Structures are given as C-alpha cells and as structure tokens.
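A quick write-up on the structure given underneath.
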Amino acid sequence: MVFRAKKSTTTESDAARTHRLALIDDLTFELVPLKSLDAAIDALPAGAEVSVTASPAKGLGETVAISERMLEDGFRVIPHISARMVRDQAHVDELVTWFKQVGIDRMFLVGGDAEEPGEFNDAVELLAALLDRDHGLTTIGVTAYPDHHAFISDEALHKALFDKQTMLAEAGVAGYASTQMCFDPKTISEWLHTERTNGLTLPIHLGLAGVVDKAKLMTMGVRLGIGQSLSYLKKNKTAVAKMMTTASYDPNDLLIPLSEDMLNLNVDGLHMFTFNNVEATNAWRTQALQ
C-alpha cells in the first residue's frame, strides 16, 4: 500500500472534507462501565458502532455482559479485551467460544492497567494466544500512542505496534491501530508521517475526546493515561477555552487541521472517548453533518 504524504493544513480540499464527514457520520462511540452507562446507551443513534471498555475494577465479565446487551439492542459492538485481565489459556478459550456464540467478529486488544496480571503481561502475548485458536474474528484493533505513554517508552510502543501488525498479517486477520487521545494536531501529524514512513500499513482510527466538561475530562484523563495531552492543553489557552467548555468545544478544531492527513494517510475511523456523555457528543455529530 502506498501512502501520499502531505503536510497538515487548515485549508481543506473538497475530497478531504468529504472524507472527514464520512468518518464523523460513522464514528465509534466508546462507553465505560459506570453508573452513567444506561443514559449513555439511551442516547446512542440506532445501530451505532460502540466500543465497550474493560474496567480493571469490574473485570472482563462486565465487558462481556454489556456487549451482549448491546448486541441484542442492534448495535455494532467492539469489546475491549485487556491482556492483563485474562487469567490464563483456559480464559482465552472461554473468550473465543463467546465470540463465536454471540457473533462478535471484531475486538479491540489492549494491554490494560491491571496491577496483578494473569498469564499475559501485554497485548502481544495475548494476541499470539488468540491467533493460535479458531477465534472467529475478522478484525482486531490494537493500540497506538502518538502522544507517548505514561510508563512505556516510545521505542517499546513502536516495536509492539509493528510486532502486532506482522502477527495479524501472517494470520490473515484484518487489523487497525486506534490512537490514544491527543489534542495536538501537529503531534498526531508528525506521528502519522513517521510511522507511515517506517512501514506502518494498518489503517488508523483516530482517538479524540467527545464533548465533555472540564471536571470529567480531568478526572477520567488521569485514569486513561493522557497526562501529556492535558499538559498540552494547559499550555495553550485557546485550546483550553474550547476544550474545557462543553458548549464551545468542537472536535473539528482537531479534525480539520488533520483533514488532508486523514485522507492521504489512511485514517479510516474515528474513536470518540465519550466518557458516557453520548448525548452531547452525538448532538455535535449531528450538527457537524448538517
């Protein structure tokens, strides 16, 4: 696959605008297993694609239960499977059986934050175990970090991403890399160009914050490991003013500067960290499409 590298610009071509709007139209809503979940589900558009996170506090059983509920309600579901929350090989067998029983054909693989891991220390180890089984999956998403990681080096992140790309290709399973939240278009653009130059061919799903208030972003941001991005916001008062006020925050402030890159560097999905504030995020989506 050949990617045409162009510098990001705030001047948006017709083709880039069409592509951006198509991504917004079919974005993925990430939901978190918290008390606000029921209201978040009620606010989803019919048939939406939904990414169900894995909570170290509640375990993968909660992810499984929420995913089944949402499948029954007609949503397209992508469960997060956290490597460090998988107990052992028998647990992998249970998950694979579940995928096939309920019709899960896509999952998102994360290393996870569980302090006491089971048999698997990271996503590469669990991916190897999954690919060695008749898993029934057509697509597996993996993580990517344009804005660094709280305790994993950039070199280790790069190696893990390319290891997973190779493993998926050799197994004949489609994959994509979904980026952690970042608020700096320059950082994202530079990461995209560098990784494409280095041989990353996986499609990219760009992770960005939905419409959420300041307090929730700060609280959840620490838990999600996005400290570097929050530091960027603190240093850029204009971005802070837009980001921290629900009424004025517009994800297009990030998307439009990246519009040409998204078109030319195979960004084919948007992953919205809604923090369960789906109603406001979907209102923005509807307005953006109009």
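By order in the structure tokens, chains are A, B, ...; within a chain, residues start at 1; ligands start at 1, following the order shown.
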So which residues of stretch 108-220 of chain A fall under helix (DSSP H, G or I) by DSSP, listed as a PyMOL selection string? chain A and resi 123-131+154-171+185-197+214-220
What lies within 6 Å of stretch 130-137 of chain A using only C-alpha atoms, ignoring chain neighbours under 4 positions off, as a count of residues only? 4
Can you list, as an mmCIF file with C-alpha atoms, in the first residue's frame, every protein, DNA or RNA residue that comes within 12 Å of A:Ile78 when you count only C-alpha atoms, leaving out same-chain residues fewer than 3 positions away?
data_model
loop_
_atom_site.group_PDB
_atom_site.id
_atom_site.type_symbol
_atom_site.label_atom_id
_atom_site.label_comp_id
_atom_site.auth_asym_id
_atom_site.auth_seq_id
_atom_site.Cartn_x
_atom_site.Cartn_y
_atom_site.Cartn_z
ATOM 1 C CA THR A 28 -17.308 4.767 17.078
ATOM 2 C CA PHE A 29 -18.730 5.720 20.485
ATOM 3 C CA GLU A 30 -16.635 4.429 23.380
ATOM 4 C CA LEU A 31 -18.639 3.570 26.504
ATOM 5 C CA ALA A 48 -24.239 2.811 16.094
ATOM 6 C CA GLU A 49 -20.805 1.248 16.395
ATOM 7 C CA VAL A 50 -19.946 1.008 20.075
ATOM 8 C CA SER A 51 -16.649 0.227 21.754
ATOM 9 C CA VAL A 52 -17.089 -1.288 25.247
ATOM 10 C CA THR A 53 -14.118 -0.716 27.543
ATOM 11 C CA ALA A 54 -12.625 -3.163 30.028
ATOM 12 C CA THR A 63 -17.469 -6.088 29.351
ATOM 13 C CA VAL A 64 -18.987 -9.364 28.168
ATOM 14 C CA ILE A 66 -22.589 -5.072 28.385
ATOM 15 C CA SER A 67 -21.529 -6.259 24.926
ATOM 16 C CA GLU A 68 -24.245 -8.936 24.880
ATOM 17 C CA MET A 70 -25.880 -4.006 23.213
ATOM 18 C CA LEU A 71 -25.774 -6.709 20.558
ATOM 19 C CA PHE A 75 -25.639 -2.038 17.992
ATOM 20 C CA ILE A 81 -10.146 -7.289 25.778
ATOM 21 C CA PHE A 99 -17.008 -14.572 20.350
ATOM 22 C CA GLY A 103 -21.439 -13.297 16.869
ATOM 23 C CA ILE A 104 -18.586 -10.989 17.892
ATOM 24 C CA ASP A 105 -16.362 -10.589 14.821
ATOM 25 C CA ARG A 106 -14.348 -7.540 15.928
ATOM 26 C CA MET A 107 -12.471 -6.839 19.140
ATOM 27 C CA PHE A 108 -10.068 -4.215 20.423
ATOM 28 C CA LEU A 109 -6.952 -5.524 22.151
ATOM 29 C CA LEU A 137 -12.747 -12.804 14.418
ATOM 30 C CA THR A 138 -12.403 -10.911 11.162
ATOM 31 C CA THR A 139 -10.805 -7.776 12.628
ATOM 32 C CA ILE A 140 -8.653 -6.977 15.654
ATOM 33 C CA GLY A 141 -7.864 -3.429 16.688
ATOM 34 C CA VAL A 142 -4.671 -2.562 18.558
ATOM 35 C CA HIS A 271 -12.868 6.602 18.017
#
In Å, rounded to a single decimal, give me how far atom CA of A:Pro203 is from atom CA of A:Val267.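 Atom CA of A:Pro203 lies 5.9 Å from atom CA of A:Val267.
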What does the distance from atom CA of A:Asp42 to atom CA of A:Ile204 come to in Å, to one decimal?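 These atoms are spaced 28.3 Å apart.
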Which of these residues is nearest to A:Lys186, using only C-alpha atoms: A:Leu127, A:Ala209, A:Leu258, A:Ala283? A:Leu258
Atomic separation - atom CA of A:Asp14 relative to atom CA of A:Gly199, Å: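 Spanning atom CA of A:Gly199 to atom CA of A:Asp14 is a straight-line distance of 28.0 Å.
Using only C-alpha atoms, the nearest neighbour of A:Asp88 within the list A:Val278, A:Ile152, A:Leu263, A:Leu126 is A:Leu126.
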From A:Ser82, A:Thr281, A:Asn266, A:Asn252, residue lying nearest A:Leu44 [only C-alpha atoms]: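 Using only C-alpha atoms, A:Leu44 sits closest to A:Thr281.
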Any idea what's packed within 12 Å of A:Ala144, counting only C-alpha atoms, ignoring anything in its chain fewer than 6 positions away? Could you give it as JSON, numbers by chain? {"A": [108, 109, 110, 111, 123, 152, 154, 156, 157, 158, 159, 160, 161, 162, 164, 165, 176, 177, 178, 179, 180, 181, 182, 188, 191, 192, 195, 200, 202, 203, 204, 205, 206, 207]}
Output for the residues just chosen: N, CA and C atoms as a short mmCIF file (atom, residue, chain, number, x, y, z; two decimals), in the first residue's frame:
data_model
loop_
_atom_site.label_atom_id
_atom_site.label_comp_id
_atom_site.auth_asym_id
_atom_site.auth_seq_id
_atom_site.Cartn_x
_atom_site.Cartn_y
_atom_site.Cartn_z
N PHE A 108 -11.16 -5.18 20.27
CA PHE A 108 -10.07 -4.21 20.42
C PHE A 108 -9.17 -4.72 21.53
N LEU A 109 -7.91 -4.92 21.23
CA LEU A 109 -6.95 -5.52 22.15
C LEU A 109 -6.11 -4.45 22.82
N VAL A 110 -6.12 -4.45 24.15
CA VAL A 110 -5.31 -3.50 24.91
C VAL A 110 -4.44 -4.28 25.89
N GLY A 111 -3.33 -3.67 26.30
CA GLY A 111 -2.51 -4.29 27.33
C GLY A 111 -3.21 -4.27 28.66
N ALA A 123 -0.24 -7.04 25.41
CA ALA A 123 -1.13 -7.36 24.30
C ALA A 123 -0.49 -8.31 23.29
N ILE A 152 5.58 3.48 29.37
CA ILE A 152 6.20 2.64 28.34
C ILE A 152 6.94 3.54 27.36
N ASP A 154 8.74 5.14 24.00
CA ASP A 154 8.32 5.22 22.59
C ASP A 154 8.89 4.07 21.77
N ALA A 156 9.57 1.01 22.80
CA ALA A 156 8.81 -0.20 23.10
C ALA A 156 7.43 -0.15 22.45
N LEU A 157 6.80 1.02 22.45
CA LEU A 157 5.50 1.17 21.82
C LEU A 157 5.59 0.90 20.32
N HIS A 158 6.63 1.46 19.69
CA HIS A 158 6.83 1.28 18.25
C HIS A 158 7.03 -0.19 17.92
N LYS A 159 7.88 -0.88 18.69
CA LYS A 159 8.15 -2.29 18.43
C LYS A 159 6.89 -3.13 18.59
N ALA A 160 6.13 -2.87 19.66
CA ALA A 160 4.92 -3.65 19.90
C ALA A 160 3.90 -3.45 18.78
N LEU A 161 3.76 -2.22 18.32
CA LEU A 161 2.80 -1.94 17.24
C LEU A 161 3.18 -2.69 15.97
N PHE A 162 4.45 -2.67 15.63
CA PHE A 162 4.88 -3.35 14.41
C PHE A 162 4.87 -4.86 14.57
N LYS A 164 2.63 -6.47 16.32
CA LYS A 164 1.22 -6.83 16.16
C LYS A 164 0.80 -6.76 14.70
N GLN A 165 1.29 -5.75 13.98
CA GLN A 165 1.00 -5.66 12.55
C GLN A 165 1.47 -6.92 11.82
N TYR A 176 -6.43 -2.84 12.69
CA TYR A 176 -6.33 -1.39 12.64
C TYR A 176 -5.67 -0.93 13.92
N ALA A 177 -5.11 0.27 13.91
CA ALA A 177 -4.49 0.85 15.10
C ALA A 177 -5.31 2.07 15.52
N SER A 178 -5.80 2.03 16.74
CA SER A 178 -6.60 3.13 17.28
C SER A 178 -5.74 3.94 18.23
N THR A 179 -5.67 5.24 18.01
CA THR A 179 -4.75 6.08 18.79
C THR A 179 -5.37 6.51 20.11
N GLN A 180 -4.50 6.63 21.11
CA GLN A 180 -4.93 7.21 22.37
C GLN A 180 -5.24 8.68 22.15
N MET A 181 -6.02 9.23 23.05
CA MET A 181 -6.44 10.61 22.92
C MET A 181 -5.26 11.57 22.86
N CYS A 182 -5.35 12.53 21.94
CA CYS A 182 -4.33 13.57 21.81
C CYS A 182 -5.01 14.82 21.30
N ILE A 188 0.04 14.59 16.29
CA ILE A 188 -0.59 13.48 15.58
C ILE A 188 -0.05 13.39 14.16
N TRP A 191 3.50 12.03 14.06
CA TRP A 191 3.49 10.58 14.35
C TRP A 191 3.01 9.79 13.13
N LEU A 192 1.93 10.24 12.52
CA LEU A 192 1.41 9.56 11.33
C LEU A 192 2.45 9.48 10.23
N GLU A 195 5.43 7.08 11.26
CA GLU A 195 5.11 5.65 11.26
C GLU A 195 4.81 5.14 9.86
N LEU A 200 4.39 1.38 8.70
CA LEU A 200 3.10 1.04 9.28
C LEU A 200 2.02 1.13 8.20
N LEU A 202 -1.19 -0.54 8.80
CA LEU A 202 -2.51 -0.71 9.40
C LEU A 202 -3.34 0.56 9.24
N PRO A 203 -4.62 0.43 8.92
CA PRO A 203 -5.49 1.62 8.96
C PRO A 203 -5.48 2.22 10.36
N ILE A 204 -5.67 3.53 10.42
CA ILE A 204 -5.66 4.25 11.69
C ILE A 204 -7.07 4.70 12.04
N HIS A 205 -7.44 4.46 13.29
CA HIS A 205 -8.65 5.06 13.86
C HIS A 205 -8.18 6.15 14.82
N LEU A 206 -8.56 7.37 14.55
CA LEU A 206 -8.09 8.50 15.34
C LEU A 206 -8.92 8.64 16.61
N GLY A 207 -8.25 8.59 17.77
CA GLY A 207 -8.94 8.74 19.04
C GLY A 207 -9.02 10.20 19.45
#
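For the choices A:Leu23, A:Val86, A:Val77, A:Ala43, the atom-to-atom distance to A:Gly61 is smallest for A:Val86 when using only C-alpha atoms.
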